[in-house]
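Have a look at query-v4.txt below; it lists compact mmCIF, C-alpha atoms.
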# COMPACT_ATOMS: atom_id res chain seq x y z
CA MET A 259 18.58 -7.12 -11.33
CA ILE A 260 18.03 -3.64 -12.82
CA VAL A 261 17.87 -3.52 -16.59
CA GLU A 262 19.99 -0.48 -17.32
CA HIS A 263 22.06 -0.18 -14.15
CA PRO A 264 20.88 3.34 -13.29
CA ALA A 265 22.75 5.81 -11.13
CA GLU A 266 22.14 5.78 -7.40
CA THR A 267 19.79 8.75 -7.73
CA MET A 268 16.96 9.72 -10.04
CA LEU A 269 15.00 12.84 -10.92
CA ALA A 270 11.58 13.08 -9.25
CA ALA A 271 8.84 15.64 -8.58
CA VAL A 272 8.42 16.00 -4.80
CA LEU A 273 5.39 17.75 -3.33
CA TYR A 274 6.19 19.76 -0.20
CA GLY A 275 2.92 21.65 0.24
CA SER A 276 0.37 23.85 -1.49
CA GLU A 277 1.71 24.68 -4.97
CA ASP A 278 5.19 23.73 -3.76
CA LEU A 279 6.44 21.10 -6.20
CA ARG A 280 10.20 20.66 -6.51
CA MET A 281 12.37 18.64 -8.87
CA GLU A 282 14.97 16.75 -6.84
CA GLN A 283 17.53 14.01 -7.14
CA ILE A 284 16.47 11.25 -4.76
CA PRO A 285 17.59 7.61 -4.30
CA VAL A 286 16.41 5.12 -6.89
CA PRO A 287 13.93 2.81 -5.10
CA ARG A 288 14.79 -0.85 -4.68
CA ALA A 289 12.34 -3.74 -4.74
CA GLY A 290 11.57 -5.48 -1.47
CA LYS A 291 9.92 -8.86 -1.07
CA GLY A 292 7.04 -9.26 -3.55
CA GLU A 293 7.67 -5.81 -5.01
CA VAL A 294 8.82 -4.55 -8.40
CA VAL A 295 10.54 -1.37 -9.49
CA VAL A 296 9.18 0.06 -12.74
CA ARG A 297 11.06 2.34 -15.11
CA VAL A 298 8.38 4.93 -15.84
CA GLY A 299 7.48 5.16 -19.52
CA ALA A 300 4.69 7.71 -19.18
CA ALA A 301 2.83 9.34 -16.31
CA LEU A 302 -0.36 11.33 -16.87
CA THR A 303 -1.67 14.48 -15.26
CA CYS A 304 -4.93 14.13 -13.39
CA GLY A 305 -7.62 16.31 -11.83
CA THR A 306 -7.04 14.62 -8.47
CA ASP A 307 -3.33 15.44 -8.67
CA LEU A 308 -4.23 19.04 -9.45
CA LYS A 309 -6.43 19.21 -6.33
CA VAL A 310 -3.63 17.70 -4.25
CA TYR A 311 -1.16 20.20 -5.73
CA ARG A 312 -3.52 23.07 -4.88
CA ARG A 313 -4.23 21.88 -1.33
CA GLY A 314 -0.77 20.54 -0.62
CA TYR A 315 -1.84 17.14 0.69
CA HIS A 316 -4.36 14.29 0.40
CA ALA A 317 -5.43 12.68 3.67
CA ALA A 318 -5.68 9.18 2.19
CA MET A 319 -3.24 9.19 -0.72
CA LEU A 320 -0.15 11.07 0.45
CA LYS A 321 1.36 13.36 3.04
CA PRO A 322 4.15 15.74 1.99
CA PRO A 323 6.97 15.69 1.36
CA ALA A 324 6.25 12.89 -1.10
CA VAL A 325 6.97 11.93 -4.70
CA PHE A 326 3.91 12.93 -6.69
CA GLY A 327 1.69 11.34 -9.38
CA HIS A 328 -0.29 8.11 -9.70
CA GLU A 329 -1.33 7.40 -13.33
CA MET A 330 1.49 5.57 -15.08
CA ALA A 331 2.82 2.68 -17.13
CA GLY A 332 6.36 1.49 -17.70
CA VAL A 333 8.83 -1.38 -17.85
CA VAL A 334 9.78 -3.72 -15.01
CA ALA A 335 13.38 -2.91 -14.06
CA GLU A 336 13.81 -4.95 -10.86
CA LEU A 337 12.04 -7.87 -9.18
CA GLY A 338 11.85 -8.46 -5.46
CA ASP A 339 12.07 -11.91 -3.95
CA GLY A 340 9.05 -14.07 -4.64
CA VAL A 341 7.63 -12.20 -7.66
CA LYS A 342 6.36 -14.79 -10.15
CA LYS A 343 3.77 -12.87 -12.20
CA PHE A 344 6.26 -10.62 -14.00
CA LYS A 345 9.81 -10.63 -15.30
CA VAL A 346 12.37 -7.91 -15.93
CA GLY A 347 11.54 -6.17 -19.21
CA ASP A 348 7.76 -6.70 -18.97
CA ARG A 349 5.64 -3.69 -19.89
CA VAL A 350 3.15 -3.05 -17.07
CA ALA A 351 0.43 -0.68 -15.90
CA PRO A 352 0.33 -0.70 -12.08
CA MET A 353 -2.77 0.79 -10.49
CA ASN A 354 -2.53 3.31 -7.67
CA SER A 355 -4.14 1.10 -5.02
CA ALA A 356 -5.14 -2.42 -4.01
CA PRO A 357 -7.64 -3.63 -1.40
CA CYS A 358 -6.93 -6.04 1.45
CA ASP A 359 -9.81 -8.39 0.47
CA ASP A 360 -10.35 -9.26 4.14
CA CYS A 361 -12.04 -6.29 5.86
CA PHE A 362 -15.75 -5.61 6.40
CA TYR A 363 -16.17 -3.83 3.05
CA CYS A 364 -14.02 -6.15 0.97
CA ARG A 365 -15.99 -9.17 2.18
CA ARG A 366 -19.14 -7.42 0.95
CA GLY A 367 -17.78 -6.76 -2.53
CA GLN A 368 -17.05 -3.08 -1.84
CA GLN A 369 -13.29 -3.17 -2.32
CA ASN A 370 -13.20 0.51 -3.24
CA LEU A 371 -14.14 1.24 0.40
CA CYS A 372 -11.52 -1.11 1.84
CA GLU A 373 -10.60 -0.17 5.41
CA ARG A 374 -6.94 -0.86 4.62
CA LEU A 375 -6.84 0.37 1.02
CA LEU A 376 -3.18 0.63 0.04
CA PHE A 377 -2.40 3.71 -2.07
CA ASN A 378 0.77 4.27 -4.05
CA ASN A 379 2.20 7.50 -5.47
CA GLY A 380 5.41 8.49 -7.20
CA ALA A 381 4.70 8.38 -10.93
CA TYR A 382 6.41 11.70 -11.72
CA ALA A 383 9.85 10.14 -11.45
CA GLU A 384 12.24 8.02 -13.46
CA TYR A 385 11.54 4.89 -11.40
CA MET A 386 8.65 3.90 -9.16
CA ARG A 387 8.42 1.14 -6.56
CA ILE A 388 5.23 -0.93 -6.68
CA PRO A 389 4.16 -2.51 -3.35
CA ALA A 390 3.64 -6.27 -3.21
CA ARG A 391 -0.14 -6.07 -2.78
CA ILE A 392 -0.51 -3.95 -5.92
CA VAL A 393 1.89 -6.21 -7.83
CA GLU A 394 -0.20 -9.23 -6.95
CA LYS A 395 -3.73 -7.82 -7.22
CA ASN A 396 -3.76 -4.77 -9.49
CA THR A 397 -0.96 -4.61 -12.07
CA MET A 398 -1.64 -5.27 -15.76
CA LEU A 399 0.71 -6.77 -18.33
CA VAL A 400 0.69 -4.39 -21.32
CA PRO A 401 0.74 -5.89 -24.83
CA ASP A 402 3.39 -4.64 -27.26
CA THR A 403 0.58 -3.21 -29.42
CA VAL A 404 -0.44 -0.66 -26.75
CA LEU A 405 1.45 2.58 -26.19
CA LEU A 406 2.57 3.05 -22.59
CA GLN A 407 0.92 6.47 -22.36
CA HIS A 408 -2.35 4.87 -23.45
CA ALA A 409 -1.97 2.07 -20.90
CA ALA A 410 -1.58 4.77 -18.22
CA LEU A 411 -5.19 5.79 -18.87
CA THR A 412 -6.35 2.57 -17.20
CA GLU A 413 -6.56 3.99 -13.66
CA PRO A 414 -8.87 6.97 -14.34
CA LEU A 415 -10.90 4.87 -16.75
CA ALA A 416 -11.31 2.24 -14.01
CA CYS A 417 -12.94 4.87 -11.78
CA VAL A 418 -15.30 5.69 -14.63
CA MET A 419 -16.08 2.01 -15.27
CA HIS A 420 -16.90 1.55 -11.58
CA GLY A 421 -19.21 4.56 -11.69
CA PHE A 422 -20.80 3.57 -14.99
CA ASN A 423 -21.53 0.03 -13.80
CA ALA A 424 -23.10 1.43 -10.62
CA THR A 425 -25.81 3.11 -12.70
CA ALA A 426 -26.94 -0.20 -14.26
CA ALA A 427 -27.33 1.67 -17.57
CA GLN A 428 -28.40 -0.41 -20.55
CA ALA A 429 -28.01 -0.08 -24.31
CA GLY A 430 -30.71 2.24 -25.63
CA ASP A 431 -30.88 4.35 -22.46
CA THR A 432 -30.33 8.10 -22.55
CA MET A 433 -27.54 9.31 -20.28
CA VAL A 434 -26.76 12.92 -19.43
CA VAL A 435 -23.16 13.65 -18.46
CA ILE A 436 -22.64 16.99 -16.72
CA GLY A 437 -19.05 18.06 -17.29
CA ALA A 438 -16.52 17.58 -20.06
CA GLY A 439 -13.21 17.39 -18.23
CA PRO A 440 -11.19 14.16 -18.56
CA ILE A 441 -13.62 12.16 -16.39
CA GLY A 442 -16.76 13.56 -18.02
CA LEU A 443 -15.36 12.82 -21.47
CA MET A 444 -14.52 9.27 -20.39
CA PHE A 445 -18.10 8.77 -19.18
CA ILE A 446 -19.38 10.07 -22.52
CA HIS A 447 -17.15 7.71 -24.47
CA VAL A 448 -17.87 4.64 -22.31
CA ALA A 449 -21.61 5.28 -22.52
CA GLN A 450 -21.49 5.69 -26.29
CA LEU A 451 -19.45 2.50 -26.68
CA SER A 452 -22.04 0.73 -24.51
CA GLY A 453 -24.88 1.69 -26.85
CA LEU A 454 -26.35 4.61 -24.92
CA ARG A 455 -27.55 7.93 -26.33
CA VAL A 456 -25.49 10.62 -24.60
CA ILE A 457 -26.36 14.23 -23.92
CA ALA A 458 -23.33 16.21 -22.75
CA VAL A 459 -23.56 19.37 -20.66
CA VAL A 460 -20.43 21.47 -21.15
CA LYS A 461 -19.14 24.87 -20.12
CA ARG A 462 -16.81 25.97 -22.93
CA ASP A 463 -16.84 26.07 -26.72
CA ASP A 464 -13.74 23.86 -26.99
CA GLN A 465 -15.53 21.14 -25.00
CA VAL A 466 -18.37 20.93 -27.52
CA GLY A 467 -16.15 19.37 -30.19
CA ALA A 468 -14.44 17.02 -27.75
CA ALA A 469 -17.79 15.76 -26.43
CA ARG A 470 -19.07 15.14 -29.95
CA ARG A 471 -15.88 13.35 -31.05
CA LEU A 472 -16.15 11.01 -28.08
CA GLY A 473 -19.76 10.07 -28.68
CA ALA A 474 -22.21 12.71 -27.47
CA ALA A 475 -25.31 12.74 -29.67
CA GLU A 476 -26.35 16.14 -28.29
CA VAL A 477 -24.40 18.86 -26.50
CA VAL A 478 -25.88 21.58 -24.29
CA LYS A 479 -23.53 24.47 -23.60
CA ILE A 480 -24.12 26.32 -20.35
CA GLY A 481 -24.89 29.96 -21.11
CA ASP A 482 -25.57 33.07 -19.08
CA GLY A 483 -29.26 33.26 -18.33
CA ALA A 484 -30.08 30.02 -20.16
CA ASP A 485 -32.16 27.35 -18.45
CA THR A 486 -29.78 24.40 -18.72
CA VAL A 487 -32.17 21.93 -17.12
CA ALA A 488 -35.00 22.85 -19.53
CA ALA A 489 -32.63 22.60 -22.51
CA VAL A 490 -31.57 19.10 -21.49
CA ARG A 491 -35.07 17.83 -20.74
CA LYS A 492 -36.23 19.14 -24.13
CA LEU A 493 -33.77 16.70 -25.75
CA THR A 494 -35.26 13.68 -23.95
CA CYS A 495 -38.25 11.62 -25.06
CA ASN A 496 -41.43 13.63 -24.36
CA GLY A 497 -39.32 15.89 -22.14
CA ARG A 498 -39.53 13.38 -19.30
CA GLY A 499 -35.82 13.47 -18.47
CA ALA A 500 -32.88 11.13 -18.89
CA ASP A 501 -32.72 7.52 -17.74
CA VAL A 502 -29.35 8.19 -16.10
CA VAL A 503 -27.58 11.42 -15.13
CA VAL A 504 -23.91 11.48 -14.17
CA GLU A 505 -22.56 14.54 -12.38
CA ALA A 506 -18.83 14.96 -13.11
CA VAL A 507 -18.19 18.56 -12.07
CA ALA A 508 -18.27 18.47 -8.25
CA THR A 509 -20.33 21.62 -7.68
CA PRO A 510 -23.59 22.02 -5.71
CA THR A 511 -25.32 23.51 -8.76
CA ALA A 512 -24.44 20.50 -10.90
CA TRP A 513 -25.70 18.12 -8.19
CA GLU A 514 -29.03 19.97 -8.13
CA TRP A 515 -29.23 19.97 -11.93
CA ALA A 516 -28.66 16.21 -12.01
CA VAL A 517 -31.75 15.55 -9.88
CA ALA A 518 -33.80 17.96 -12.01
CA MET A 519 -32.68 16.32 -15.28
CA VAL A 520 -33.44 12.68 -14.46
CA ARG A 521 -36.75 11.00 -15.28
CA LYS A 522 -39.05 9.34 -12.78
CA GLY A 523 -37.56 5.99 -11.86
CA GLY A 524 -34.17 7.06 -13.18
CA VAL A 525 -30.70 6.98 -11.64
CA VAL A 526 -28.41 9.83 -10.63
CA ASN A 527 -24.71 9.22 -9.98
CA PHE A 528 -22.98 12.00 -8.06
CA PHE A 529 -19.52 11.12 -9.32
CA GLY A 530 -17.84 14.47 -8.71
CA GLY A 531 -16.71 14.94 -5.11
CA PRO A 532 -17.08 18.50 -3.75
CA PRO A 533 -14.88 19.63 -0.84
CA LYS A 534 -15.67 18.45 2.68
CA GLY A 535 -18.51 20.40 4.25
CA THR A 536 -20.23 21.23 0.96
CA VAL A 537 -24.03 21.33 1.28
CA VAL A 538 -26.57 21.00 -1.54
CA ARG A 539 -30.33 21.60 -1.79
CA LEU A 540 -32.28 18.74 -3.38
CA ASP A 541 -36.00 18.56 -4.20
CA THR A 542 -37.12 15.82 -1.78
CA ASN A 543 -40.58 15.72 -3.35
CA ARG A 544 -39.07 14.91 -6.73
CA LEU A 545 -36.76 12.29 -5.26
CA HIS A 546 -39.48 10.55 -3.25
CA TYR A 547 -42.50 10.68 -5.57
CA GLY A 548 -40.31 10.25 -8.63
CA ASP A 549 -38.80 7.08 -7.17
CA VAL A 550 -35.35 8.36 -8.14
CA THR A 551 -32.28 6.34 -7.25
CA VAL A 552 -29.41 8.51 -6.05
CA LYS A 553 -25.91 7.06 -5.90
CA ALA A 554 -22.33 8.23 -5.54
CA SER A 555 -19.20 6.48 -6.77
CA PHE A 556 -15.68 6.54 -5.36
CA HIS A 557 -12.43 5.14 -6.71
CA HIS A 558 -12.27 1.70 -8.34
CA THR A 559 -11.95 -2.05 -7.72
CA PRO A 560 -9.61 -4.63 -9.28
CA ALA A 561 -12.54 -5.83 -11.42
CA ALA A 562 -13.14 -2.29 -12.70
CA CYS A 563 -9.42 -1.94 -13.42
CA ALA A 564 -9.43 -5.16 -15.43
CA ALA A 565 -12.49 -3.99 -17.39
CA ALA A 566 -10.89 -0.61 -18.09
CA PHE A 567 -7.64 -2.23 -19.22
CA ALA A 568 -9.55 -4.54 -21.55
CA LEU A 569 -11.20 -1.50 -23.12
CA VAL A 570 -7.87 0.33 -23.53
CA SER A 571 -5.97 -2.67 -24.88
CA GLY A 572 -8.85 -3.81 -27.10
CA GLY A 573 -8.53 -0.79 -29.36
CA ARG A 574 -12.11 0.52 -29.16
CA PHE A 575 -11.36 3.24 -26.63
CA GLU A 576 -10.04 6.40 -28.31
CA CYS A 577 -7.00 6.81 -26.07
CA ALA A 578 -5.28 9.38 -28.28
CA GLU A 579 -8.16 11.84 -27.80
CA PHE A 580 -7.38 12.15 -24.09
CA ILE A 581 -3.65 12.91 -24.32
CA THR A 582 -3.35 16.38 -25.76
CA ARG A 583 0.17 17.40 -24.67
CA THR A 584 3.48 15.83 -23.72
CA ALA A 585 6.19 17.19 -21.42
CA THR A 586 9.48 16.08 -19.92
CA LEU A 587 9.86 15.15 -16.28
CA ALA A 588 11.78 18.36 -15.58
CA GLU A 589 8.78 20.37 -16.76
CA VAL A 590 6.32 18.93 -14.19
CA PRO A 591 6.24 22.01 -11.90
CA ALA A 592 5.57 24.26 -14.91
CA VAL A 593 2.87 21.90 -16.16
CA PHE A 594 0.97 22.08 -12.87
CA ALA A 595 1.43 25.83 -12.60
CA ARG A 596 -0.09 26.14 -16.08
CA MET A 597 -2.98 23.83 -15.15
CA MET A 598 -3.92 26.18 -12.30
CA THR A 599 -4.95 28.90 -14.78
CA ARG A 600 -7.04 28.41 -17.89
CA SER A 601 -5.74 30.40 -20.86
CA ALA A 602 -5.90 30.34 -24.63
CA GLU A 603 -2.72 28.26 -24.58
CA ASN A 604 -4.10 25.36 -22.55
CA LEU A 605 -7.88 25.74 -22.77
CA ALA A 606 -8.38 22.54 -24.76
CA ASP A 607 -5.88 20.43 -22.80
CA ILE A 608 -7.24 17.16 -21.39
CA LYS A 609 -4.21 15.24 -20.14
CA THR A 610 -0.47 15.76 -20.41
CA ALA A 611 1.81 12.76 -20.72
CA ILE A 612 4.95 13.23 -18.62
CA VAL A 613 7.85 11.37 -20.22
CA PRO A 614 11.04 10.88 -18.17
CA SER A 615 13.94 11.88 -20.42
CA ARG A 616 15.94 8.68 -19.87
CA ASN A 617 13.06 6.63 -21.24
CA GLY A 618 12.77 8.03 -24.75
CA ALA A 619 9.53 8.97 -26.52
CA GLY A 620 6.28 9.23 -24.61
CA GLY A 621 4.48 6.96 -27.03
CA SER A 622 7.20 4.35 -26.88
CA ARG A 623 6.19 0.71 -26.98
CA GLN A 624 9.53 -0.31 -25.39

Mind turning the file's structure into structure tokens?
Amino acid sequence: MIVEHPAETMLAAVLYGSEDLRMEQIPVPRAGKGEVVVRVGAALTCGTDLKVYRRGYHAAMLKPPAVFGHEMAGVVAELGDGVKKFKVGDRVAPMNSAPCDDCFYCRRGQQNLCERLLFNNGAYAEYMRIPARIVEKNTMLVPDTVLLQHAALTEPLACVMHGFNATAAQAGDTMVVIGAGPIGLMFIHVAQLSGLRVIAVVKRDDQVGAARRLGAAEVVKIGDGADTVAAVRKLTCNGRGADVVVEAVATPTAWEWAVAMVRKGGVVNFFGGPPKGTVVRLDTNRLHYGDVTVKASFHHTPAACAAAFALVSGGRFECAEFITRTATLAEVPAVFARMMTRSAENLADIKTAIVPSRNGAGGSRQ
């Protein structure tokens, strides 16, 4: 049963190729066995979506033409046969993937590397079908006290939680976060909430205030001719470097800085993923004789998703700080075109909440 008996078609943003995003009327999806169809309440823009928009594809996540977008929350509109966890009218936050829990990596607790990881896209639409595996393993029931656009932050935050936990950071540690985009700011906020002292490395003036509001004790702004590494190390105890450094920019320079900023015995997490074929130069002497642990983090796990959702729904995470603009579904192509170029108009934007017009206000609790 569908709650509001929608028309046979719906408005959706369909990606056809590089910077080729079209608004089309397509069939409303129907729920198969174990599946649900969700009426989208809010879908959020994302740096990964921007990269896919620029490149025109994503080898693992989608192949065009395809309905676009993956960070969302909404209301269950239809249940497929056999669904017991949810009912029509439930407010839910489905994640964009779910592992098989049976392959080589899943059996070793590395579900983010699942050989049969099931991805799901289609959030920039009025309705979205959620596959049975995601319904069963990685969909959250959203309390009435949580705005749907805030619940949609769960997926990117889950990636951050997975990366943060991989560092084994402890309260009292000093963490450097290189980058103050949405992911960098989430790392700053999670670290601060976990009792760490955070030093943020940012590029622009507008990012200084955002980093401080979300918990950075110190902010180093990258400047022409300035020694960023020296400025960061000067802010650490006896100049020895940070206990943990997280790289959230995805550039070779930032990777090299991360190794130079960490203390002996510290941990570096290369969270930002540069394009395939990117090569970096690292000081092997510093890595070896400094006993530095170097890690990289990809995606999330159901456990990380649950932890992220608990943080969002618990009220401690400053969700409103991350959603700086709202737009209608029809405006999605213009939103992504604007994201491609930084200007005075959008310089301070973090995330835009896309609100399908049939669903009412973007902050709706319905």

Using only C-alpha atoms, tabulate the residues of region 480-593 of chain A lying at most 12 Å from any atom of region 320-339 of chain A, each with its closest atom pair and that distance in Å to one decimal, by chain and increasing residue number, as a Markdown table.
| residue | atom | partner | partner_atom | distance |
| --- | --- | --- | --- | --- |
| A:Phe567 | CA | A:Ala331 | CA | 11.7 |
| A:Leu587 | CA | A:Gly327 | CA | 11.4 |
| A:Val590 | CA | A:Phe326 | CA | 9.9 |
| A:Pro591 | CA | A:Phe326 | CA | 10.7 |

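Minimum atom-to-atom distance to Asp359 (chain A), evaluated using all atoms listed in the file, belongs to A:Lys395 out of A:Ala438, A:Leu308, A:Ala301, A:Lys395.
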
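For the choices A:Ala568, A:Val520, A:Val286, A:Leu279, the atom-to-atom distance to Ala265 (chain A) is smallest for A:Val286 when using all atoms listed in the file.
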
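From CA of Asp501 (chain A) back to CA of Thr432 (chain A), the distance works out to 5.4 Å.
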
**Asked** CA of Val570 (chain A) to CA of Ala416 (chain A): how many Å, to one decimal?
**Response** 10.3 Å

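Note that the spacing between CA of His408 (chain A) and CA of Ala351 (chain A) amounts to 9.8 Å.
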
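Protein and nucleic acid residues near (16.6, 6.2, -1.0) are Glu266, Thr267, Met268, Gln283, Ile284, Pro285, Val286, Pro287 and Arg288 of chain A, the criterion being any atom at most 10 Å away using all atoms listed in the file.
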
Residues of region 396-500 of chain A at most 10 Å from region 507-517 of chain A: nearest atom pair and distance in Å, all atoms listed in the file, as JSON lines:
{"residue": "A:Val434", "atom": "CA", "partner": "A:Ala516", "partner_atom": "CA", "distance": 8.3}
{"residue": "A:Val435", "atom": "CA", "partner": "A:Ala516", "partner_atom": "CA", "distance": 8.9}
{"residue": "A:Ile436", "atom": "CA", "partner": "A:Val507", "partner_atom": "CA", "distance": 6.6}
{"residue": "A:Gly437", "atom": "CA", "partner": "A:Val507", "partner_atom": "CA", "distance": 5.3}
{"residue": "A:Ala438", "atom": "CA", "partner": "A:Val507", "partner_atom": "CA", "distance": 8.2}
{"residue": "A:Gly439", "atom": "CA", "partner": "A:Val507", "partner_atom": "CA", "distance": 8.0}
{"residue": "A:Ile441", "atom": "CA", "partner": "A:Val507", "partner_atom": "CA", "distance": 9.0}
{"residue": "A:Gly442", "atom": "CA", "partner": "A:Val507", "partner_atom": "CA", "distance": 7.9}
{"residue": "A:Val459", "atom": "CA", "partner": "A:Ala512", "partner_atom": "CA", "distance": 9.9}
{"residue": "A:Val460", "atom": "CA", "partner": "A:Val507", "partner_atom": "CA", "distance": 9.8}
{"residue": "A:Thr486", "atom": "CA", "partner": "A:Trp515", "partner_atom": "CA", "distance": 8.1}
{"residue": "A:Val487", "atom": "CA", "partner": "A:Trp515", "partner_atom": "CA", "distance": 6.3}
{"residue": "A:Ala488", "atom": "CA", "partner": "A:Trp515", "partner_atom": "CA", "distance": 10.0}
{"residue": "A:Val490", "atom": "CA", "partner": "A:Trp515", "partner_atom": "CA", "distance": 9.9}
{"residue": "A:Gly499", "atom": "CA", "partner": "A:Val517", "partner_atom": "CA", "distance": 9.7}
{"residue": "A:Ala500", "atom": "CA", "partner": "A:Ala516", "partner_atom": "CA", "distance": 9.5}

Output region 370-377 of chain A as a PDB file, keeping the file's coordinate frame, making sure all heavy atoms are there.
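And here is the file that came out, selection.pdb:
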ATOM      1  N   ASN A 370     -13.580  -0.897  -3.138  1.00  0.00           N
ATOM      2  CA  ASN A 370     -13.200   0.510  -3.240  1.00  0.00           C
ATOM      3  C   ASN A 370     -13.271   1.231  -1.898  1.00  0.00           C
ATOM      4  O   ASN A 370     -12.660   2.290  -1.714  1.00  0.00           O
ATOM      5  CB  ASN A 370     -14.108   1.239  -4.244  1.00  0.00           C
ATOM      6  CG  ASN A 370     -15.577   1.178  -3.865  1.00  0.00           C
ATOM      7  OD1 ASN A 370     -16.106   0.101  -3.586  1.00  0.00           O
ATOM      8  ND2 ASN A 370     -16.242   2.312  -3.858  1.00  0.00           N
ATOM      9  N   LEU A 371     -14.001   0.647  -0.944  1.00  0.00           N
ATOM     10  CA  LEU A 371     -14.140   1.240   0.400  1.00  0.00           C
ATOM     11  C   LEU A 371     -13.289   0.510   1.424  1.00  0.00           C
ATOM     12  O   LEU A 371     -13.470   0.709   2.630  1.00  0.00           O
ATOM     13  CB  LEU A 371     -15.613   1.205   0.825  1.00  0.00           C
ATOM     14  CG  LEU A 371     -16.596   1.949  -0.079  1.00  0.00           C
ATOM     15  CD1 LEU A 371     -18.022   1.783   0.441  1.00  0.00           C
ATOM     16  CD2 LEU A 371     -16.232   3.425  -0.193  1.00  0.00           C
ATOM     17  N   CYS A 372     -12.374  -0.309   0.962  1.00  0.00           N
ATOM     18  CA  CYS A 372     -11.520  -1.110   1.840  1.00  0.00           C
ATOM     19  C   CYS A 372     -10.981  -0.295   3.017  1.00  0.00           C
ATOM     20  O   CYS A 372     -10.494   0.826   2.846  1.00  0.00           O
ATOM     21  CB  CYS A 372     -10.352  -1.674   1.030  1.00  0.00           C
ATOM     22  SG  CYS A 372      -9.086  -2.526   2.001  1.00  0.00           S
ATOM     23  N   GLU A 373     -11.084  -0.855   4.204  1.00  0.00           N
ATOM     24  CA  GLU A 373     -10.600  -0.170   5.410  1.00  0.00           C
ATOM     25  C   GLU A 373      -9.075  -0.056   5.440  1.00  0.00           C
ATOM     26  O   GLU A 373      -8.534   0.791   6.148  1.00  0.00           O
ATOM     27  CB  GLU A 373     -11.092  -0.915   6.652  1.00  0.00           C
ATOM     28  CG  GLU A 373     -12.598  -0.870   6.829  1.00  0.00           C
ATOM     29  CD  GLU A 373     -13.089  -1.737   7.961  1.00  0.00           C
ATOM     30  OE1 GLU A 373     -12.497  -2.813   8.180  1.00  0.00           O
ATOM     31  OE2 GLU A 373     -14.063  -1.341   8.623  1.00  0.00           O
ATOM     32  N   ARG A 374      -8.404  -0.899   4.667  1.00  0.00           N
ATOM     33  CA  ARG A 374      -6.940  -0.860   4.620  1.00  0.00           C
ATOM     34  C   ARG A 374      -6.465  -0.685   3.170  1.00  0.00           C
ATOM     35  O   ARG A 374      -5.452  -1.270   2.755  1.00  0.00           O
ATOM     36  CB  ARG A 374      -6.361  -2.135   5.236  1.00  0.00           C
ATOM     37  CG  ARG A 374      -6.641  -2.257   6.732  1.00  0.00           C
ATOM     38  CD  ARG A 374      -5.995  -3.485   7.332  1.00  0.00           C
ATOM     39  NE  ARG A 374      -6.659  -4.709   6.929  1.00  0.00           N
ATOM     40  CZ  ARG A 374      -7.742  -5.217   7.530  1.00  0.00           C
ATOM     41  NH1 ARG A 374      -8.265  -4.580   8.563  1.00  0.00           N
ATOM     42  NH2 ARG A 374      -8.283  -6.341   7.118  1.00  0.00           N
ATOM     43  N   LEU A 375      -7.195   0.133   2.414  1.00  0.00           N
ATOM     44  CA  LEU A 375      -6.840   0.370   1.020  1.00  0.00           C
ATOM     45  C   LEU A 375      -5.425   0.924   0.922  1.00  0.00           C
ATOM     46  O   LEU A 375      -5.101   1.936   1.539  1.00  0.00           O
ATOM     47  CB  LEU A 375      -7.845   1.347   0.387  1.00  0.00           C
ATOM     48  CG  LEU A 375      -7.817   1.489  -1.137  1.00  0.00           C
ATOM     49  CD1 LEU A 375      -8.170   0.162  -1.806  1.00  0.00           C
ATOM     50  CD2 LEU A 375      -8.798   2.577  -1.575  1.00  0.00           C
ATOM     51  N   LEU A 376      -4.587   0.239   0.170  1.00  0.00           N
ATOM     52  CA  LEU A 376      -3.180   0.630   0.040  1.00  0.00           C
ATOM     53  C   LEU A 376      -3.015   1.520  -1.185  1.00  0.00           C
ATOM     54  O   LEU A 376      -3.235   1.086  -2.313  1.00  0.00           O
ATOM     55  CB  LEU A 376      -2.304  -0.612  -0.104  1.00  0.00           C
ATOM     56  CG  LEU A 376      -0.822  -0.362  -0.385  1.00  0.00           C
ATOM     57  CD1 LEU A 376      -0.164   0.341   0.794  1.00  0.00           C
ATOM     58  CD2 LEU A 376      -0.115  -1.677  -0.703  1.00  0.00           C
ATOM     59  N   PHE A 377      -2.642   2.780  -0.971  1.00  0.00           N
ATOM     60  CA  PHE A 377      -2.400   3.710  -2.070  1.00  0.00           C
ATOM     61  C   PHE A 377      -0.910   3.763  -2.394  1.00  0.00           C
ATOM     62  O   PHE A 377      -0.061   3.500  -1.534  1.00  0.00           O
ATOM     63  CB  PHE A 377      -2.888   5.116  -1.707  1.00  0.00           C
ATOM     64  CG  PHE A 377      -4.376   5.291  -1.779  1.00  0.00           C
ATOM     65  CD1 PHE A 377      -5.141   5.298  -0.621  1.00  0.00           C
ATOM     66  CD2 PHE A 377      -5.017   5.456  -2.997  1.00  0.00           C
ATOM     67  CE1 PHE A 377      -6.514   5.463  -0.678  1.00  0.00           C
ATOM     68  CE2 PHE A 377      -6.387   5.618  -3.068  1.00  0.00           C
ATOM     69  CZ  PHE A 377      -7.143   5.624  -1.908  1.00  0.00           C
TER      70      PHE A 377
END
